[in-house]
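Q: Next comes structure-v6.txt, compact mmCIF, C-alpha atoms:
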# COMPACT_ATOMS: atom_id res chain seq x y z
CA MET A 16 103.72 -47.73 33.37
CA THR A 17 106.93 -49.66 32.69
CA SER A 18 110.25 -48.55 34.12
CA THR A 19 111.33 -47.38 30.66
CA ASP A 20 108.13 -45.37 30.21
CA LEU A 21 108.49 -43.83 33.66
CA GLN A 22 112.09 -42.83 33.03
CA ALA A 23 111.06 -41.25 29.72
CA THR A 24 108.26 -39.35 31.45
CA VAL A 25 110.59 -37.96 34.09
CA ALA A 26 113.13 -37.01 31.41
CA HIS A 27 110.40 -35.21 29.44
CA MET A 28 109.36 -33.30 32.57
CA GLY A 29 112.98 -32.36 33.18
CA ALA A 30 113.47 -31.03 29.66
CA ALA A 31 110.26 -29.00 29.93
CA ALA A 32 111.30 -27.62 33.31
CA ARG A 33 114.72 -26.66 31.98
CA ALA A 34 113.13 -24.77 29.10
CA ALA A 35 110.67 -23.06 31.43
CA SER A 36 113.44 -22.07 33.86
CA THR A 37 115.05 -19.91 31.16
CA LYS A 38 111.80 -18.01 30.74
CA MET A 39 111.24 -17.74 34.49
CA ALA A 40 114.72 -16.33 35.06
CA ALA A 41 113.91 -13.52 32.63
CA ALA A 42 110.31 -13.01 33.78
CA PRO A 43 109.43 -9.49 34.93
CA THR A 44 108.59 -9.01 38.57
CA ALA A 45 105.09 -7.81 37.67
CA ALA A 46 104.26 -11.09 35.91
CA LYS A 47 105.53 -13.19 38.81
CA ASN A 48 103.53 -11.12 41.28
CA GLN A 49 100.44 -11.42 39.09
CA ALA A 50 100.75 -15.20 39.15
CA LEU A 51 101.09 -15.21 42.94
CA SER A 52 98.09 -12.94 43.41
CA ALA A 53 96.05 -15.12 41.07
CA LEU A 54 97.09 -18.22 43.01
CA ALA A 55 96.05 -16.63 46.31
CA ARG A 56 92.66 -15.73 44.81
CA LEU A 57 92.14 -19.26 43.46
CA LEU A 58 93.05 -20.83 46.81
CA ARG A 59 90.46 -18.68 48.57
CA GLY A 60 87.79 -19.26 45.96
CA ASP A 61 88.09 -22.97 45.24
CA THR A 62 87.81 -24.29 48.80
CA ALA A 63 84.96 -26.73 48.10
CA ALA A 64 86.85 -28.60 45.37
CA LEU A 65 90.01 -28.64 47.48
CA ALA A 66 88.09 -29.96 50.48
CA GLU A 67 86.60 -32.75 48.35
CA ALA A 68 90.02 -33.82 47.06
CA ASN A 69 91.54 -33.62 50.53
CA ALA A 70 88.74 -35.71 52.01
CA LYS A 71 89.69 -38.58 49.68
CA ASP A 72 93.24 -38.53 50.97
CA ILE A 73 92.16 -38.32 54.63
CA ALA A 74 89.76 -41.25 54.22
CA ALA A 75 92.39 -43.38 52.49
CA ALA A 76 95.01 -42.54 55.13
CA GLU A 77 92.72 -43.43 58.01
CA ALA A 78 91.65 -46.65 56.29
CA ALA A 79 95.33 -47.57 55.83
CA GLY A 80 95.98 -47.02 59.55
CA LEU A 81 98.34 -44.06 59.09
CA ALA A 82 99.49 -42.64 62.43
CA ALA A 83 97.43 -39.74 63.76
CA PRO A 84 100.24 -37.13 63.50
CA LEU A 85 100.72 -38.07 59.83
CA VAL A 86 96.99 -37.85 59.14
CA ASP A 87 97.02 -34.44 60.82
CA ARG A 88 99.71 -33.29 58.40
CA LEU A 89 97.45 -34.17 55.46
CA ARG A 90 94.58 -31.91 56.42
CA LEU A 91 93.85 -28.88 54.23
CA THR A 92 91.81 -27.07 56.85
CA PRO A 93 90.38 -23.59 56.16
CA LYS A 94 93.16 -22.24 58.39
CA VAL A 95 95.86 -24.05 56.38
CA LEU A 96 94.42 -22.76 53.08
CA ALA A 97 94.14 -19.23 54.46
CA THR A 98 97.76 -19.40 55.60
CA VAL A 99 99.16 -20.56 52.25
CA ALA A 100 97.05 -17.98 50.40
CA GLU A 101 98.37 -15.27 52.71
CA GLY A 102 101.86 -16.64 52.07
CA CYS A 103 101.36 -16.11 48.32
CA ASP A 104 100.31 -12.52 48.98
CA GLN A 105 103.30 -11.97 51.26
CA ILE A 106 105.72 -13.30 48.66
CA ALA A 107 104.14 -11.12 45.98
CA ALA A 108 104.69 -8.08 48.21
CA MET A 109 108.33 -8.93 48.91
CA PRO A 110 111.20 -7.44 46.91
CA ASP A 111 112.25 -9.54 43.93
CA PRO A 112 115.72 -10.92 44.73
CA VAL A 113 116.52 -11.80 41.11
CA GLY A 114 118.97 -9.41 39.49
CA GLU A 115 119.88 -7.62 42.72
CA ILE A 116 123.49 -6.38 42.64
CA THR A 117 125.26 -6.06 46.00
CA ASN A 118 128.73 -5.40 47.38
CA LEU A 119 129.75 -3.41 44.28
CA ARG A 120 133.28 -2.15 44.86
CA ARG A 121 135.52 -0.04 42.67
CA ARG A 122 138.97 -1.55 42.14
CA PRO A 123 142.20 0.41 41.56
CA THR A 124 142.14 -0.81 37.94
CA GLY A 125 138.89 1.08 37.33
CA ILE A 126 136.56 -1.93 37.18
CA SER A 127 133.70 -2.35 39.64
CA VAL A 128 133.17 -5.84 41.06
CA GLY A 129 130.07 -7.13 42.82
CA HIS A 130 127.53 -9.92 43.19
CA MET A 131 124.27 -10.49 41.32
CA ARG A 132 121.56 -12.74 42.74
CA VAL A 133 120.26 -15.26 40.20
CA PRO A 134 117.88 -18.27 40.26
CA LEU A 135 119.26 -21.75 40.86
CA GLY A 136 117.47 -23.00 37.73
CA VAL A 137 115.38 -26.13 38.36
CA PHE A 138 114.83 -27.69 41.75
CA GLY A 139 113.21 -31.00 42.52
CA MET A 140 111.05 -31.14 45.63
CA ILE A 141 110.26 -34.52 47.19
CA TYR A 142 107.95 -34.36 50.17
CA GLU A 143 105.55 -36.38 52.28
CA SER A 144 102.18 -35.76 53.88
CA ARG A 145 101.63 -31.99 53.96
CA PRO A 146 99.92 -30.96 50.69
CA ASN A 147 100.34 -27.27 51.57
CA VAL A 148 104.00 -27.78 50.62
CA THR A 149 102.83 -27.91 47.00
CA ILE A 150 101.78 -24.27 47.22
CA GLU A 151 104.74 -23.16 49.30
CA ALA A 152 107.19 -24.70 46.83
CA ALA A 153 105.33 -23.37 43.79
CA SER A 154 105.00 -19.83 45.12
CA LEU A 155 108.67 -19.61 46.09
CA ALA A 156 109.73 -21.05 42.72
CA ILE A 157 107.65 -18.45 40.89
CA LYS A 158 108.98 -15.42 42.77
CA SER A 159 112.61 -16.63 42.75
CA GLY A 160 112.50 -17.19 38.98
CA ASN A 161 113.03 -20.94 39.16
CA ALA A 162 111.23 -23.91 37.69
CA CYS A 163 110.44 -26.89 39.88
CA ILE A 164 109.36 -30.52 39.66
CA LEU A 165 107.26 -31.57 42.65
CA ARG A 166 106.78 -35.12 43.87
CA GLY A 167 104.43 -35.32 46.86
CA GLY A 168 103.64 -38.39 48.89
CA SER A 169 101.16 -40.96 47.59
CA GLU A 170 99.02 -40.33 50.67
CA ALA A 171 98.29 -36.76 49.42
CA ILE A 172 97.97 -37.42 45.68
CA HIS A 173 94.40 -36.09 45.27
CA SER A 174 95.11 -32.92 47.27
CA ASN A 175 98.37 -32.26 45.44
CA LEU A 176 96.77 -32.69 42.02
CA ALA A 177 93.98 -30.26 42.92
CA LEU A 178 96.43 -27.66 44.22
CA TRP A 179 98.77 -28.06 41.24
CA LYS A 180 95.94 -27.36 38.80
CA LEU A 181 95.43 -24.01 40.54
CA VAL A 182 99.14 -23.25 40.20
CA GLN A 183 99.08 -23.96 36.47
CA ALA A 184 95.98 -21.79 36.03
CA ALA A 185 97.70 -18.92 37.87
CA LEU A 186 100.85 -19.22 35.74
CA SER A 187 98.82 -19.21 32.54
CA GLU A 188 96.81 -16.19 33.67
CA ALA A 189 100.07 -14.26 34.20
CA GLY A 190 101.50 -15.30 30.82
CA LEU A 191 104.17 -17.50 32.40
CA PRO A 192 104.98 -21.07 31.26
CA PRO A 193 102.79 -23.64 33.06
CA ASP A 194 105.71 -26.08 32.86
CA ALA A 195 107.53 -23.91 35.38
CA VAL A 196 105.76 -25.91 38.09
CA GLN A 197 105.23 -29.60 37.35
CA LEU A 198 103.89 -32.40 39.51
CA VAL A 199 104.88 -36.05 39.20
CA GLN A 200 101.43 -37.56 38.78
CA THR A 201 102.32 -41.17 39.54
CA THR A 202 102.68 -42.66 43.00
CA ASP A 203 105.32 -45.09 41.73
CA ARG A 204 108.36 -44.61 43.97
CA ALA A 205 110.69 -45.39 41.07
CA ALA A 206 109.97 -41.87 39.77
CA VAL A 207 111.92 -40.47 42.70
CA GLY A 208 114.97 -42.52 41.74
CA PHE A 209 114.90 -41.21 38.18
CA LEU A 210 114.39 -37.61 39.31
CA ILE A 211 117.27 -37.50 41.80
CA ALA A 212 119.62 -39.03 39.23
CA SER A 213 119.00 -36.39 36.55
CA PRO A 214 121.66 -33.66 36.84
CA GLU A 215 120.94 -32.64 33.25
CA SER A 216 117.43 -31.64 34.32
CA VAL A 217 117.63 -30.71 38.00
CA ASP A 218 120.10 -28.40 39.74
CA VAL A 219 119.22 -29.24 43.35
CA ILE A 220 116.97 -31.69 45.19
CA ILE A 221 115.07 -30.65 48.32
CA PRO A 222 113.60 -33.57 50.32
CA ARG A 223 111.05 -32.78 53.00
CA GLY A 224 109.68 -35.63 55.04
CA GLY A 225 110.67 -38.47 57.33
CA LYS A 226 114.22 -39.43 58.17
CA GLY A 227 114.05 -42.54 55.98
CA LEU A 228 113.12 -40.52 52.91
CA ILE A 229 115.83 -37.94 53.46
CA GLU A 230 118.51 -40.54 54.13
CA ARG A 231 117.58 -42.32 50.91
CA ILE A 232 117.68 -39.10 48.87
CA SER A 233 121.01 -38.06 50.38
CA ARG A 234 122.50 -41.49 49.66
CA GLU A 235 121.27 -41.93 46.09
CA ALA A 236 121.08 -38.41 44.64
CA LYS A 237 123.45 -37.41 41.85
CA VAL A 238 122.66 -33.72 42.31
CA PRO A 239 123.19 -31.47 45.36
CA VAL A 240 120.69 -31.89 48.22
CA ILE A 241 119.36 -29.29 50.68
CA LYS A 242 118.13 -31.26 53.69
CA HIS A 243 117.49 -31.79 57.34
CA LEU A 244 117.20 -35.28 58.77
CA ASP A 245 115.20 -34.64 61.93
CA GLY A 246 114.12 -32.00 64.42
CA ASN A 247 115.24 -32.78 67.96
CA CYS A 248 114.63 -29.26 69.27
CA HIS A 249 115.57 -28.23 72.81
CA VAL A 250 114.29 -25.75 75.36
CA PHE A 251 116.79 -24.85 78.10
CA VAL A 252 115.33 -23.18 81.22
CA ASP A 253 118.18 -21.21 82.77
CA ALA A 254 118.54 -20.43 86.48
CA SER A 255 117.42 -16.84 85.96
CA ALA A 256 114.38 -17.64 83.81
CA ASP A 257 111.08 -15.93 84.57
CA LEU A 258 108.97 -18.87 85.75
CA GLU A 259 105.70 -17.73 84.20
CA LEU A 260 107.41 -17.01 80.87
CA ALA A 261 109.20 -20.37 81.02
CA LEU A 262 105.95 -22.26 81.66
CA ARG A 263 104.14 -20.51 78.82
CA VAL A 264 106.93 -20.87 76.26
CA THR A 265 107.84 -24.47 77.14
CA ASP A 266 104.19 -25.52 76.98
CA ASN A 267 103.75 -23.87 73.58
CA ALA A 268 107.01 -25.26 72.18
CA LYS A 269 105.91 -28.82 73.02
CA THR A 270 102.12 -28.94 72.87
CA GLN A 271 100.91 -26.28 70.42
CA LYS A 272 101.28 -28.99 67.78
CA TYR A 273 103.14 -32.27 68.10
CA SER A 274 103.79 -33.17 64.47
CA PRO A 275 106.04 -30.34 63.15
CA CYS A 276 109.80 -30.60 63.09
CA ASN A 277 110.13 -27.40 65.18
CA ALA A 278 108.18 -28.78 68.16
CA ALA A 279 110.34 -29.18 71.28
CA GLU A 280 111.39 -32.76 71.95
CA SER A 281 113.88 -32.16 74.79
CA LEU A 282 113.65 -30.03 77.93
CA LEU A 283 116.78 -29.09 79.86
CA VAL A 284 116.38 -27.38 83.25
CA HIS A 285 119.07 -25.69 85.34
CA GLU A 286 119.43 -27.47 88.69
CA ALA A 287 118.97 -24.17 90.58
CA ILE A 288 115.44 -23.72 89.23
CA ALA A 289 114.42 -27.35 88.71
CA ALA A 290 112.55 -27.77 92.03
CA ALA A 291 110.44 -24.69 91.32
CA PHE A 292 109.86 -25.31 87.61
CA LEU A 293 109.62 -29.04 86.95
CA PRO A 294 106.57 -29.86 89.12
CA ARG A 295 104.65 -26.97 87.51
CA ILE A 296 105.49 -27.84 83.90
CA GLY A 297 104.96 -31.49 84.83
CA ALA A 298 101.40 -30.67 85.86
CA VAL A 299 100.83 -28.89 82.54
CA PHE A 300 102.16 -31.87 80.61
CA ALA A 301 100.18 -34.34 82.74
CA ALA A 302 96.96 -32.48 81.99
CA LYS A 303 97.69 -32.76 78.27
CA GLY A 304 98.81 -36.38 78.33
CA VAL A 305 102.48 -35.72 77.58
CA GLU A 306 104.79 -38.51 78.70
CA MET A 307 108.04 -37.34 80.32
CA ARG A 308 111.19 -39.44 79.92
CA THR A 309 113.61 -38.14 82.52
CA ASP A 310 116.97 -38.53 84.15
CA ASP A 311 117.13 -39.54 87.83
CA ARG A 312 117.05 -36.00 89.23
CA GLY A 313 114.12 -35.01 87.07
CA ARG A 314 112.18 -38.13 88.01
CA VAL A 315 112.51 -37.35 91.74
CA LEU A 316 111.00 -33.90 91.19
CA LEU A 317 108.20 -35.12 88.88
CA GLN A 318 107.10 -38.35 90.53
CA GLY A 319 104.66 -36.59 92.87
CA VAL A 320 102.80 -34.75 90.09
CA ALA A 321 99.21 -35.99 89.92
CA GLY A 322 98.43 -37.88 86.72
CA ALA A 323 101.96 -37.53 85.33
CA THR A 324 103.50 -40.29 83.22
CA VAL A 325 107.18 -40.28 84.14
CA VAL A 326 109.58 -42.98 82.92
CA PRO A 327 113.38 -43.31 82.97
CA ALA A 328 115.10 -41.89 79.91
CA THR A 329 117.37 -44.08 77.84
CA GLU A 330 120.42 -42.86 75.97
CA GLN A 331 118.37 -42.94 72.75
CA ASP A 332 115.79 -40.57 74.24
CA TRP A 333 118.27 -37.69 74.24
CA SER A 334 118.47 -37.90 70.42
CA GLU A 335 114.86 -38.77 69.67
CA GLU A 336 112.41 -36.83 67.49
CA TYR A 337 109.08 -38.06 68.89
CA LEU A 338 106.54 -36.06 66.83
CA ALA A 339 104.16 -37.13 69.59
CA PRO A 340 103.11 -36.17 73.16
CA VAL A 341 106.45 -37.35 74.59
CA ILE A 342 109.37 -35.21 75.78
CA SER A 343 112.76 -36.00 77.27
CA VAL A 344 113.65 -34.08 80.45
CA LYS A 345 117.09 -33.59 81.97
CA VAL A 346 118.35 -31.52 84.90
CA VAL A 347 121.69 -29.90 84.05
CA SER A 348 124.34 -28.20 86.17
CA GLY A 349 124.37 -25.02 84.11
CA LEU A 350 124.85 -23.36 80.76
CA ASP A 351 128.02 -25.27 79.85
CA GLU A 352 126.33 -28.65 80.26
CA ALA A 353 123.22 -27.46 78.43
CA ILE A 354 125.20 -26.27 75.40
CA ALA A 355 127.33 -29.43 75.34
CA HIS A 356 124.21 -31.63 75.56
CA ILE A 357 122.44 -29.79 72.74
CA ASN A 358 125.46 -29.87 70.44
CA ARG A 359 125.96 -33.59 71.09
CA TYR A 360 122.39 -34.89 70.93
CA GLY A 361 120.54 -32.22 68.97
CA SER A 362 119.79 -32.24 65.26
CA HIS A 363 121.07 -28.68 64.66
CA HIS A 364 117.55 -27.53 63.82
CA THR A 365 116.17 -25.15 66.49
CA ASP A 366 117.05 -24.63 70.16
CA ALA A 367 115.90 -22.04 72.69
CA ILE A 368 117.12 -20.61 76.00
CA LEU A 369 114.71 -19.07 78.51
CA THR A 370 116.68 -16.65 80.65
CA GLU A 371 116.87 -13.14 82.09
CA HIS A 372 120.68 -13.29 82.03
CA HIS A 373 121.96 -11.34 79.01
CA SER A 374 125.45 -12.82 78.83
CA ASN A 375 124.07 -16.36 79.08
CA ALA A 376 121.66 -15.58 76.26
CA MET A 377 124.47 -14.25 74.07
CA ARG A 378 126.66 -17.27 74.80
CA PHE A 379 123.81 -19.59 73.89
CA LEU A 380 123.28 -17.75 70.60
CA ARG A 381 126.98 -17.94 69.73
CA GLU A 382 127.80 -21.46 70.85
CA VAL A 383 124.75 -23.60 70.06
CA ASP A 384 125.46 -25.03 66.60
CA SER A 385 121.94 -24.96 65.17
CA ALA A 386 120.21 -23.37 62.19
CA SER A 387 117.89 -21.34 64.45
CA VAL A 388 118.78 -20.31 68.00
CA MET A 389 116.27 -18.42 70.16
CA VAL A 390 116.06 -16.44 73.37
CA ASN A 391 112.79 -16.38 75.34
CA ALA A 392 110.68 -17.59 72.42
CA SER A 393 108.99 -20.84 71.39
CA THR A 394 110.81 -23.13 68.99
CA ARG A 395 107.53 -23.26 67.03
CA PHE A 396 108.51 -19.92 65.47
CA ALA A 397 111.23 -21.64 63.39
CA ASP A 398 109.23 -21.41 60.20
CA GLY A 399 109.57 -19.46 56.98
CA PHE A 400 106.11 -17.86 57.33
CA GLU A 401 106.83 -16.72 60.90
CA TYR A 402 110.28 -15.44 59.89
CA GLY A 403 108.69 -13.18 57.28
CA LEU A 404 109.85 -15.25 54.29
CA GLY A 405 106.25 -15.64 53.10
CA ALA A 406 106.74 -19.40 52.98
CA GLU A 407 109.58 -21.88 53.11
CA ILE A 408 110.73 -24.63 50.84
CA GLY A 409 112.05 -26.48 53.87
CA ILE A 410 114.45 -26.11 56.76
CA SER A 411 118.09 -26.86 56.15
CA THR A 412 120.41 -28.10 58.87
CA ASP A 413 123.29 -28.15 56.38
CA LYS A 414 125.83 -25.34 56.41
CA PHE A 415 126.02 -25.05 52.61
CA HIS A 416 124.29 -23.58 50.59
CA ALA A 417 121.38 -22.53 52.80
CA ARG A 418 120.74 -22.89 56.54
CA GLY A 419 117.50 -22.68 58.49
CA PRO A 420 114.18 -21.90 56.78
CA VAL A 421 114.85 -21.74 53.03
CA GLY A 422 112.92 -18.94 51.35
CA LEU A 423 113.52 -16.81 48.28
CA GLU A 424 117.21 -16.13 48.90
CA GLY A 425 117.85 -19.81 49.59
CA LEU A 426 116.56 -20.59 46.08
CA THR A 427 119.04 -18.22 44.47
CA SER A 428 122.80 -18.07 44.23
CA MET A 429 125.30 -15.30 43.68
CA LYS A 430 127.43 -14.80 40.62
CA TRP A 431 130.21 -12.28 40.18
CA VAL A 432 129.58 -9.30 37.91
CA VAL A 433 132.19 -6.87 36.63
CA LEU A 434 131.32 -3.41 35.32
CA GLY A 435 133.92 -1.60 33.29
CA GLN A 436 134.52 1.21 30.80
CA GLY A 437 137.02 -0.41 28.50
CA GLU A 438 139.63 -1.34 31.13
CA VAL A 439 142.25 -3.93 30.13
CA ARG A 440 144.57 -5.87 32.40
CA GLN A 441 148.18 -4.73 32.36
Now, as a test, write the supplied structure out as structure tokens.

A:
Amino acid sequence: MTSTDLQATVAHMGAAARAASTKMAAAPTAAKNQALSALARLLRGDTAALAEANAKDIAAAEAAGLAAPLVDRLRLTPKVLATVAEGCDQIAAMPDPVGEITNLRRRPTGISVGHMRVPLGVFGMIYESRPNVTIEAASLAIKSGNACILRGGSEAIHSNLALWKLVQAALSEAGLPPDAVQLVQTTDRAAVGFLIASPESVDVIIPRGGKGLIERISREAKVPVIKHLDGNCHVFVDASADLELALRVTDNAKTQKYSPCNAAESLLVHEAIAAAFLPRIGAVFAAKGVEMRTDDRGRVLLQGVAGATVVPATEQDWSEEYLAPVISVKVVSGLDEAIAHINRYGSHHTDAILTEHHSNAMRFLREVDSASVMVNASTRFADGFEYGLGAEIGISTDKFHARGPVGLEGLTSMKWVVLGQGEVRQ
């Protein structure tokens, strides 16, 4: 396909999405829920075909030497399919945000003024690796009354095509326009450039993938972007932390899965508890093959742990998103240093404090400048499904227009509505 042909194809998709978005914005809740229920049913019933398509992508990725964490992200396991199907059911059961009127207030003039929640219109989703994002994006677009144009990574093309066909079948079954969810079917990267430079077709771009992709989108896009660049998530073990709780939560935050952006990459430990805690968590990490990159005080406490890989941390390590069995470790003097460290080196994604001290917990919640801030819980919970959003379109570390996991409300905006009975301005 020539550049001219590709640009024309993307423009045609944009025009079709814009037309479909008008119909989706007016679609009744029952029809949207029917489409979601149909999609959940198709996901549960078409597992063999999905597995066959996914196997092609896995084989190609392994043959190309793709890193193990990235191959892991490609897998459409039965558990992954069950989760996205359940997400469709959850979204169908959730209240429809479209048309909701809030904050209605009567003014002295007699008019009533409030907000109505409305769809954004058309969003473009550009993502890498995880094919389950195709379903998450489609299901959220359907319920929020938007249309979307999806462009997955070339490494997941067979999986994404198979999933997208199920989405179109579900939309048709519910009497909704199939063009409401479109997939860019070429792996040509030039398609991304045309899509992100089409404000006449797309209202917002949502990139989800590696830092290089997101930096490129942010730099070149001519439409607003909802993004996060990386996920350097911290766990801070306070002086008053329950040791058994701290061991369990820190282990889970780092090792439950290495590849997600909400996995812990940095461990901060209060100096008053470091001697009791670090050798024990070090033994856990050593048993699982996790390399620890530490400051001088941490290295002294960890160097005697059998089988541990302990190396000096560099300045870059404090900012690093490893997505691998590696974690940076620093002993800090207290809460003030922990908060300052997180706000300086963190990515404003997700950070947790493990503590039995209520005022310290509240300070951490108020002062850590991140999209999700947690007390005595694993950072791995920073996820739209776990937050009860049904699914997420991504996680935003921006402060406008959405922050944290972006679900239904993040795909809508508010407009002012005025209700009157013939009032005129004097």

Q: Point out the residue among A:Lys345, A:Ala35, A:Gly422, A:Thr62 with the least atom-to-atom distance to A:Val315, counting all atoms listed in the file.

A: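 Closest residue, counting all atoms listed in the file: A:Lys345.
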
Q: Which is closest to A:Leu91 among A:Ala34, A:Arg121, A:Asn161, A:His173, if we use all atoms listed in the file?

A: A:His173

Q: Could you give me, as a PyMOL selection string, the residues within 9 Å of A:Gln49, counting all atoms listed in the file and dropping anything in the same chain fewer than 6 positions from it?

A: chain A and resi 107+185-186+188-189

Q: Find the residue from A:Lys237, A:Arg231, A:Arg223, A:His249 that sits nearest to A:Ser343; use all atoms listed in the file when measuring.

A: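 For A:Ser343, the nearest of the given residues is A:His249.
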
Q: Just the residues within 10 Å of A:Ala31, please, counting all atoms listed in the file, with nothing from its chain fewer than 3 positions along; format it as an mmCIF file with C-alpha atoms, keeping the file's coordinate frame.

A:
data_model
loop_
_atom_site.group_PDB
_atom_site.id
_atom_site.type_symbol
_atom_site.label_atom_id
_atom_site.label_comp_id
_atom_site.auth_asym_id
_atom_site.auth_seq_id
_atom_site.Cartn_x
_atom_site.Cartn_y
_atom_site.Cartn_z
ATOM 1 C CA VAL A 25 110.590 -37.960 34.090
ATOM 2 C CA ALA A 26 113.130 -37.010 31.410
ATOM 3 C CA HIS A 27 110.400 -35.210 29.440
ATOM 4 C CA MET A 28 109.360 -33.300 32.570
ATOM 5 C CA ALA A 34 113.130 -24.770 29.100
ATOM 6 C CA ALA A 35 110.670 -23.060 31.430
ATOM 7 C CA SER A 36 113.440 -22.070 33.860
ATOM 8 C CA ALA A 162 111.230 -23.910 37.690
ATOM 9 C CA ILE A 164 109.360 -30.520 39.660
ATOM 10 C CA PRO A 192 104.980 -21.070 31.260
ATOM 11 C CA PRO A 193 102.790 -23.640 33.060
ATOM 12 C CA ASP A 194 105.710 -26.080 32.860
ATOM 13 C CA ALA A 195 107.530 -23.910 35.380
ATOM 14 C CA VAL A 196 105.760 -25.910 38.090
ATOM 15 C CA GLN A 197 105.230 -29.600 37.350
ATOM 16 C CA SER A 216 117.430 -31.640 34.320
#

Q: Using all atoms listed in the file, which protein or nucleic acid residues come within 8 Å of stretch 402-404 of chain A? Drop anything in the same chain fewer than 4 positions from it, and give the result as a PyMOL selection string.

A: chain A and resi 105-106+396-398+422-423

Q: For A:Asp20, find every residue with an atom within 12 Å (counting all atoms listed in the file), except residues of its own chain fewer than 4 positions away, and show them as a list of chain:residue names.

A: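 Near A:Asp20, the qualifying residues are A:Met16, A:Thr24, A:Val25, A:Ala26, A:His27, A:Thr201, A:Asp203, A:Ala205, A:Ala206, A:Phe209.
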
Q: What's the separation between atom CA of A:Gln200 and atom CA of A:Gly246, in Å to one decimal place?

A: 29.1 Å

Q: From the set A:Arg33, A:Lys158, A:Lys414, A:Arg166, which residue has the shortest atom-to-atom contact distance to A:Ala386, counting all atoms listed in the file?

A: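 Of the candidates, the smallest distance to A:Ala386 is held by A:Lys414.
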
Q: Do you have the atom CA of A:Met140-atom CA of A:Asp104 distance handy?

A: 21.8 Å

Q: Please identify all polymer residues lying at most 12 Å from the point (118.6, -22.0, 54.2) (file coordinates), using only C-alpha atoms, and present the result as a ChimeraX atom specification.

A: /A:221,240-243,364,385-387,397-399,404,407-428

Q: Separation of atom CA of A:Thr265 and atom CA of A:Gly349, in Å?

A: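 Computing the Euclidean distance for atom CA of A:Thr265 and atom CA of A:Gly349 yields 17.9 Å.
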
Q: Compare A:Ala46, A:Leu21, A:Ala177, A:Ala254 by their minimum atom-to-atom distance to A:Ser348, counting only C-alpha atoms, and give me the closest one.

A: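 For A:Ser348, the nearest of the candidates is A:Ala254.
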
Q: Neighbours of A:Val99 within 8 Å (all atoms listed in the file; same-chain residues fewer than 5 positions away dropped), as number ranges by chain?

A: A: 55, 147, 150-151, 406

Q: Keeping C-alpha atoms for every residue in the selection just given, could you write it to a file as a short mmCIF file (atom, residue, chain, number, x, y, z; two decimals), in the frame of the given file?

A:
data_model
loop_
_atom_site.label_atom_id
_atom_site.label_comp_id
_atom_site.auth_asym_id
_atom_site.auth_seq_id
_atom_site.Cartn_x
_atom_site.Cartn_y
_atom_site.Cartn_z
CA ALA A 55 96.05 -16.63 46.31
CA ASN A 147 100.34 -27.27 51.57
CA ILE A 150 101.78 -24.27 47.22
CA GLU A 151 104.74 -23.16 49.30
CA ALA A 406 106.74 -19.40 52.98
#

Q: Report as JSON lines the residues of stretch 96-183 of chain A within 12 Å of stretch 65-75 of chain A, each with its shortest atom pair and distance in Å (one decimal), using only C-alpha atoms, ordered by chain and increasing residue number.

A:
{"residue": "A:Leu96", "atom": "CA", "partner": "A:Leu65", "partner_atom": "CA", "distance": 9.2}
{"residue": "A:Ser144", "atom": "CA", "partner": "A:Asp72", "partner_atom": "CA", "distance": 9.8}
{"residue": "A:Arg145", "atom": "CA", "partner": "A:Asn69", "partner_atom": "CA", "distance": 10.8}
{"residue": "A:Pro146", "atom": "CA", "partner": "A:Asn69", "partner_atom": "CA", "distance": 8.8}
{"residue": "A:Asn147", "atom": "CA", "partner": "A:Asn69", "partner_atom": "CA", "distance": 10.9}
{"residue": "A:Gly168", "atom": "CA", "partner": "A:Asp72", "partner_atom": "CA", "distance": 10.6}
{"residue": "A:Ser169", "atom": "CA", "partner": "A:Asp72", "partner_atom": "CA", "distance": 8.9}
{"residue": "A:Glu170", "atom": "CA", "partner": "A:Asp72", "partner_atom": "CA", "distance": 6.1}
{"residue": "A:Ala171", "atom": "CA", "partner": "A:Asp72", "partner_atom": "CA", "distance": 5.6}
{"residue": "A:Ile172", "atom": "CA", "partner": "A:Asp72", "partner_atom": "CA", "distance": 7.2}
{"residue": "A:His173", "atom": "CA", "partner": "A:Ala68", "partner_atom": "CA", "distance": 5.2}
{"residue": "A:Ser174", "atom": "CA", "partner": "A:Asn69", "partner_atom": "CA", "distance": 4.9}
{"residue": "A:Asn175", "atom": "CA", "partner": "A:Asn69", "partner_atom": "CA", "distance": 8.6}
{"residue": "A:Leu176", "atom": "CA", "partner": "A:Ala68", "partner_atom": "CA", "distance": 8.5}
{"residue": "A:Ala177", "atom": "CA", "partner": "A:Leu65", "partner_atom": "CA", "distance": 6.3}
{"residue": "A:Leu178", "atom": "CA", "partner": "A:Leu65", "partner_atom": "CA", "distance": 7.3}
{"residue": "A:Trp179", "atom": "CA", "partner": "A:Leu65", "partner_atom": "CA", "distance": 10.8}
{"residue": "A:Lys180", "atom": "CA", "partner": "A:Leu65", "partner_atom": "CA", "distance": 10.6}
{"residue": "A:Leu181", "atom": "CA", "partner": "A:Leu65", "partner_atom": "CA", "distance": 9.9}

Q: Using all atoms listed in the file, which of A:Gly313, A:Pro275, A:Gly190, A:Pro239 sits nearest A:Pro327?

A: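 Counting all atoms listed in the file, the residue closest to A:Pro327 is A:Gly313.
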